[in-house]
>>> print(open('entry-v8.csv').read())   # CSV, C-alpha atoms and all ligand atoms
chain,number,residue,atom,x,y,z
A,1,MET,CA,202.8,167.0,46.8
A,2,ALA,CA,199.8,165.5,44.9
A,3,ARG,CA,198.5,164.2,48.1
A,4,LEU,CA,198.7,167.6,49.7
A,5,SER,CA,196.8,169.2,46.8
A,6,LEU,CA,194.1,166.6,47.1
A,7,LEU,CA,193.8,167.3,50.8
A,8,LEU,CA,193.5,171.0,50.2
A,9,LEU,CA,190.9,170.4,47.6
A,10,PHE,CA,188.9,168.3,50.0
A,11,LEU,CA,189.2,171.0,52.7
A,12,GLY,CA,188.1,173.6,50.2
A,13,LEU,CA,185.0,171.7,49.3
A,14,ALA,CA,184.1,171.1,52.9
A,15,THR,CA,184.3,174.8,53.6
A,16,LEU,CA,182.2,175.6,50.6
A,17,THR,CA,179.5,173.2,51.8
A,18,ALA,CA,179.6,174.4,55.4
A,19,GLY,CA,179.4,178.1,54.7
A,20,GLN,CA,176.6,177.9,52.1
A,21,GLU,CA,176.2,181.1,50.1
A,22,CYS,CA,172.8,182.4,49.2
A,23,THR,CA,172.0,185.1,46.7
A,24,HIS,CA,170.2,188.2,48.2
A,25,PRO,CA,167.4,188.2,49.3
A,26,PHE,CA,167.8,184.5,50.2
A,27,ILE,CA,169.5,183.5,53.4
A,28,ALA,CA,170.8,180.1,54.4
A,29,ILE,CA,168.4,178.1,56.6
A,30,GLY,CA,168.9,174.4,57.3
A,31,GLY,CA,171.1,174.0,54.2
A,32,LEU,CA,168.7,175.6,51.8
A,33,CYS,CA,168.4,179.2,50.5
A,34,ILE,CA,165.2,180.7,51.8
A,35,TYR,CA,163.5,184.1,51.4
A,36,ILE,CA,160.6,185.1,53.6
A,37,ASP,CA,159.1,188.6,53.6
A,38,PRO,CA,156.2,188.5,56.2
A,39,TRP,CA,154.9,191.9,55.1
A,40,VAL,CA,154.2,191.0,51.4
A,41,THR,CA,151.0,189.0,51.0
A,42,GLY,CA,148.9,187.7,48.1
A,43,THR,CA,147.2,184.7,46.6
A,44,MET,CA,149.2,181.6,46.2
A,45,GLU,CA,149.6,182.4,42.5
A,46,GLU,CA,150.7,186.0,43.2
A,47,MET,CA,153.2,184.9,45.8
A,48,ARG,CA,154.6,182.2,43.5
A,49,ALA,CA,155.2,184.9,40.9
A,50,ILE,CA,157.2,186.9,43.6
A,51,CYS,CA,159.3,183.8,44.4
A,52,LYS,CA,160.0,183.3,40.7
A,53,SER,CA,161.0,186.9,40.2
A,54,HIS,CA,163.8,186.2,42.6
A,55,HIS,CA,164.7,183.0,40.8
A,56,GLY,CA,163.0,180.8,43.4
A,57,ASP,CA,159.7,179.0,43.9
A,58,LEU,CA,157.3,178.4,46.7
A,59,LEU,CA,158.8,176.1,49.3
A,60,TRP,CA,159.2,172.4,48.5
A,61,PHE,CA,160.9,169.7,50.4
A,62,ASP,CA,163.3,167.2,48.8
A,63,SER,CA,162.4,164.4,51.2
A,64,ASP,CA,159.4,163.9,53.3
A,65,THR,CA,161.4,161.9,55.8
A,66,ASP,CA,164.0,164.6,56.5
A,67,CYS,CA,162.7,166.8,59.3
A,68,ASP,CA,166.0,168.7,59.9
A,69,PHE,CA,165.3,171.6,57.5
A,70,TYR,CA,161.7,171.9,58.8
A,71,GLN,CA,163.0,172.1,62.3
A,72,GLU,CA,165.5,174.9,61.4
A,73,LEU,CA,162.9,176.8,59.4
A,74,LEU,CA,160.5,176.8,62.4
A,75,THR,CA,163.3,177.9,64.7
A,76,HIS,CA,164.2,180.8,62.3
A,77,ILE,CA,160.5,181.9,62.1
A,78,HIS,CA,160.2,182.0,65.9
A,79,GLU,CA,163.6,183.5,66.6
A,80,THR,CA,163.2,186.3,64.1
A,81,GLY,CA,159.7,187.2,65.5
A,82,ILE,CA,157.9,186.6,62.2
A,83,ASN,CA,155.7,183.9,63.8
A,84,GLU,CA,152.5,185.9,63.8
A,85,LYS,CA,151.9,185.2,60.1
A,86,ASP,CA,150.6,182.4,58.0
A,87,TYR,CA,152.7,181.3,55.0
A,88,TRP,CA,152.1,179.7,51.6
A,89,MET,CA,154.2,176.8,50.7
A,90,GLY,CA,154.3,175.1,47.3
A,91,ILE,CA,151.9,172.3,47.7
A,92,THR,CA,148.5,171.9,46.0
A,93,ASP,CA,145.9,169.3,45.0
A,94,GLU,CA,144.4,171.6,42.4
A,95,GLY,CA,143.4,169.5,39.4
A,96,HIS,CA,144.2,166.2,41.3
A,97,GLU,CA,141.9,166.4,44.3
A,98,GLY,CA,143.2,164.6,47.3
A,99,GLU,CA,146.6,164.0,45.9
A,100,TRP,CA,148.9,166.7,47.3
A,101,ARG,CA,152.0,167.4,45.3
A,102,TYR,CA,154.9,169.8,45.4
A,103,ILE,CA,154.3,172.4,42.7
A,104,LYS,CA,158.0,172.6,41.9
A,105,THR,CA,158.8,168.9,41.6
A,106,ASN,CA,155.4,167.4,41.0
A,107,GLN,CA,156.3,164.9,43.8
A,108,VAL,CA,153.4,163.6,45.9
A,109,THR,CA,153.8,164.7,49.6
A,110,ARG,CA,153.2,162.3,52.4
A,111,LEU,CA,150.1,162.9,54.4
A,112,GLY,CA,149.7,162.9,58.2
A,113,PRO,CA,152.4,163.6,60.8
A,114,PRO,CA,154.9,165.2,61.2
A,115,TYR,CA,153.7,167.9,58.9
A,116,TRP,CA,150.0,168.0,58.4
A,117,ASP,CA,147.8,168.9,61.3
A,118,THR,CA,145.3,166.4,62.5
A,119,GLY,CA,142.2,166.3,60.3
A,120,TYR,CA,144.0,168.0,57.4
A,121,PRO,CA,144.0,168.1,54.4
A,122,ARG,CA,140.3,167.9,54.1
A,123,ASP,CA,138.4,166.3,51.2
A,124,THR,CA,137.1,169.4,49.4
A,125,ILE,CA,137.8,171.3,46.2
A,126,THR,CA,137.3,174.6,48.2
A,127,TYR,CA,140.7,174.2,49.7
A,128,ASN,CA,143.4,173.3,47.2
A,129,CYS,CA,146.5,175.1,48.6
A,130,ALA,CA,148.7,174.2,51.6
A,131,MET,CA,149.9,176.6,54.2
A,132,PHE,CA,151.8,176.8,57.4
A,133,GLU,CA,149.4,178.2,60.0
A,134,ASN,CA,150.7,180.1,62.9
A,135,SER,CA,147.8,179.2,65.2
A,136,ARG,CA,148.5,175.5,64.5
A,137,GLN,CA,152.2,175.8,65.6
A,138,TYR,CA,153.0,175.8,61.9
A,139,TYR,CA,151.5,172.4,61.2
A,140,TRP,CA,150.1,172.4,57.6
A,141,ARG,CA,146.5,172.8,56.6
A,142,ASP,CA,144.7,173.1,53.3
A,143,PHE,CA,143.3,176.6,52.5
A,144,SER,CA,141.6,178.6,49.8
A,145,CYS,CA,144.2,179.4,47.1
A,146,THR,CA,142.8,182.9,46.7
A,147,SER,CA,143.4,183.9,50.3
A,148,SER,CA,146.0,186.5,51.0
A,149,LEU,CA,149.1,185.2,52.8
A,150,ALA,CA,152.8,185.7,53.0
A,151,ALA,CA,155.1,183.1,51.4
A,152,ILE,CA,158.2,181.0,52.0
A,153,CYS,CA,160.3,181.0,48.8
A,154,ARG,CA,163.2,178.6,48.2
A,155,TYR,CA,166.0,179.4,45.7
A,156,ALA,CA,165.5,177.2,42.7
A,201,CA,CA,141.4,170.0,47.8
>>> encode(input="entry-v8.csv", output="C-alpha cells", more="lines below")
Ligand SMILES: [Ca+2]
Amino acid sequence: MARLSLLLLFLGLATLTAGQECTHPFIAIGGLCIYIDPWVTGTMEEMRAICKSHHGDLLWFDSDTDCDFYQELLTHIHETGINEKDYWMGITDEGHEGEWRYIKTNQVTRLGPPYWDTGYPRDTITYNCAMFENSRQYYWRDFSCTSSLAAICRYA
C-alpha cells in the first residue's frame, strides 16, 4: 500500500511538471512562464516596470548553454505572427561597459553565437541594452536603452 501511494505521488509530480501552470497573462513556453504583448512599447526601464507589475521581469536565461527554451520562444513568436516586432530582454552593460549581465540575476551572459549576432555587442556606451531584432532573425544586438520596443517578460 505504501508502495502504491509512493507511485501515485511520483505520477502526480510528473503531471504537475509536464502541464506547467502559468498565472495570467503569462503562458507556458519552453518550460517557463512568458508574457509578450507586441503592442505595448516603451524604453527598457518602462517595459521592465510593466513586467514587474505582473510579478515578472525582463527575460533572463538560466543557462547560456541551454538553447531549448530559446528555440521554443522563437517558434512561438513566429507561429503566433508577432514576428514583426523587436523585443527588449533583460540584459545590459550599463555601468559595466562591455560586460553584459542579466538584470534579474546579475549573471554575466556569454558573448558570440548562438545568441548574439555577428559583430554585436559593440564597444560603445551609446548602446547599453540588449534586444531581439526581427530583421536579424532574432539574434541579439545592443541598442539604445531609451528606444521604444515591446518586451518579453518572464514570471519571476
Ligand atoms: Ca555598451
>>> residues_near_point(input="entry-v8.csv", point="(161.5, 176.9, 48.7)", cutoff="7 Å", atoms="all atoms listed in the file", output="list in words")
Ile34, Gly56, Asp57, Leu58, Leu59, Trp60, Ile152, Cys153, Arg154 and Tyr155 of chain A
>>> write_last_selection(input="entry-v8.csv", atoms="C-alpha atoms", output="short mmCIF file (atom, residue, chain, number, x, y, z; two decimals), in the frame of the given file")
data_model
loop_
_atom_site.label_atom_id
_atom_site.label_comp_id
_atom_site.auth_asym_id
_atom_site.auth_seq_id
_atom_site.Cartn_x
_atom_site.Cartn_y
_atom_site.Cartn_z
CA ILE A 34 165.20 180.70 51.80
CA GLY A 56 163.00 180.80 43.40
CA ASP A 57 159.70 179.00 43.90
CA LEU A 58 157.30 178.40 46.70
CA LEU A 59 158.80 176.10 49.30
CA TRP A 60 159.20 172.40 48.50
CA ILE A 152 158.20 181.00 52.00
CA CYS A 153 160.30 181.00 48.80
CA ARG A 154 163.20 178.60 48.20
CA TYR A 155 166.00 179.40 45.70
#
>>> closest_residue(input="entry-v8.csv", among="A:Leu111, A:Met44, A:Cys129, A:Ala49", to="ligand CA 201 (chain A)", atoms="all atoms listed in the file")
A:Cys129
>>> atom_distance(input="entry-v8.csv", atom1="CA of Gly42 (chain A)", atom2="CA of Leu149 (chain A)")
5.3 Å
>>> closest_atom_pairs(input="entry-v8.csv", of="chain A", to="ligand CA 201 (chain A)", cutoff="9 Å", atoms="all atoms listed in the file", output="JSON lines")
{"residue": "A:Thr92", "atom": "CA", "partner": "A:CA201", "partner_atom": "CA", "distance": 7.6}
{"residue": "A:Asp93", "atom": "CA", "partner": "A:CA201", "partner_atom": "CA", "distance": 5.3}
{"residue": "A:Glu94", "atom": "CA", "partner": "A:CA201", "partner_atom": "CA", "distance": 6.4}
{"residue": "A:Gly95", "atom": "CA", "partner": "A:CA201", "partner_atom": "CA", "distance": 8.6}
{"residue": "A:His96", "atom": "CA", "partner": "A:CA201", "partner_atom": "CA", "distance": 8.0}
{"residue": "A:Glu97", "atom": "CA", "partner": "A:CA201", "partner_atom": "CA", "distance": 5.0}
{"residue": "A:Gly98", "atom": "CA", "partner": "A:CA201", "partner_atom": "CA", "distance": 5.7}
{"residue": "A:Glu99", "atom": "CA", "partner": "A:CA201", "partner_atom": "CA", "distance": 8.2}
{"residue": "A:Trp100", "atom": "CA", "partner": "A:CA201", "partner_atom": "CA", "distance": 8.2}
{"residue": "A:Pro121", "atom": "CA", "partner": "A:CA201", "partner_atom": "CA", "distance": 7.3}
{"residue": "A:Arg122", "atom": "CA", "partner": "A:CA201", "partner_atom": "CA", "distance": 6.7}
{"residue": "A:Asp123", "atom": "CA", "partner": "A:CA201", "partner_atom": "CA", "distance": 5.9}
{"residue": "A:Thr124", "atom": "CA", "partner": "A:CA201", "partner_atom": "CA", "distance": 4.6}
{"residue": "A:Ile125", "atom": "CA", "partner": "A:CA201", "partner_atom": "CA", "distance": 4.1}
{"residue": "A:Thr126", "atom": "CA", "partner": "A:CA201", "partner_atom": "CA", "distance": 6.2}
{"residue": "A:Tyr127", "atom": "CA", "partner": "A:CA201", "partner_atom": "CA", "distance": 4.7}
{"residue": "A:Asn128", "atom": "CA", "partner": "A:CA201", "partner_atom": "CA", "distance": 3.9}
{"residue": "A:Cys129", "atom": "CA", "partner": "A:CA201", "partner_atom": "CA", "distance": 7.3}
{"residue": "A:Asp142", "atom": "CA", "partner": "A:CA201", "partner_atom": "CA", "distance": 7.1}
{"residue": "A:Phe143", "atom": "CA", "partner": "A:CA201", "partner_atom": "CA", "distance": 8.3}
{"residue": "A:Ser144", "atom": "CA", "partner": "A:CA201", "partner_atom": "CA", "distance": 8.8}
>>> atom_distance(input="entry-v8.csv", atom1="CA of Glu21 (chain A)", atom2="CA of Ile91 (chain A)")
26.0 Å
>>> residues_around(input="entry-v8.csv", residues="Asn83 (chain A)", least_positions_apart="6", cutoff="12 Å", atoms="only C-alpha atoms", output="ChimeraX atom specification")
/A:36-39,73-77,132-138,150
>>> closest_residue(input="entry-v8.csv", among="A:Asp64, A:Glu45, A:Glu72, A:Glu79", to="Tyr115 (chain A)", atoms="only C-alpha atoms")
A:Asp64
>>> closest_residue(input="entry-v8.csv", among="A:His24, A:Asp117, A:Ser147, A:Gly90", to="Arg48 (chain A)", atoms="all atoms listed in the file")
A:Gly90
>>> closest_residue(input="entry-v8.csv", among="A:Leu32, A:Ala130, A:Cys22, A:Ile50", to="Asp62 (chain A)", atoms="all atoms listed in the file")
A:Leu32
>>> closest_residue(input="entry-v8.csv", among="A:Thr80, A:Thr146, A:Ser53, A:Ser63", to="Gln107 (chain A)", atoms="only C-alpha atoms")
A:Ser63
>>> closest_residue(input="entry-v8.csv", among="A:Cys145, A:Ala156, A:Cys33, A:Cys67", to="Trp88 (chain A)", atoms="all atoms listed in the file")
A:Cys145
>>> atom_distance(input="entry-v8.csv", atom1="CA of Gly119 (chain A)", atom2="CA of Arg141 (chain A)")
8.6 Å
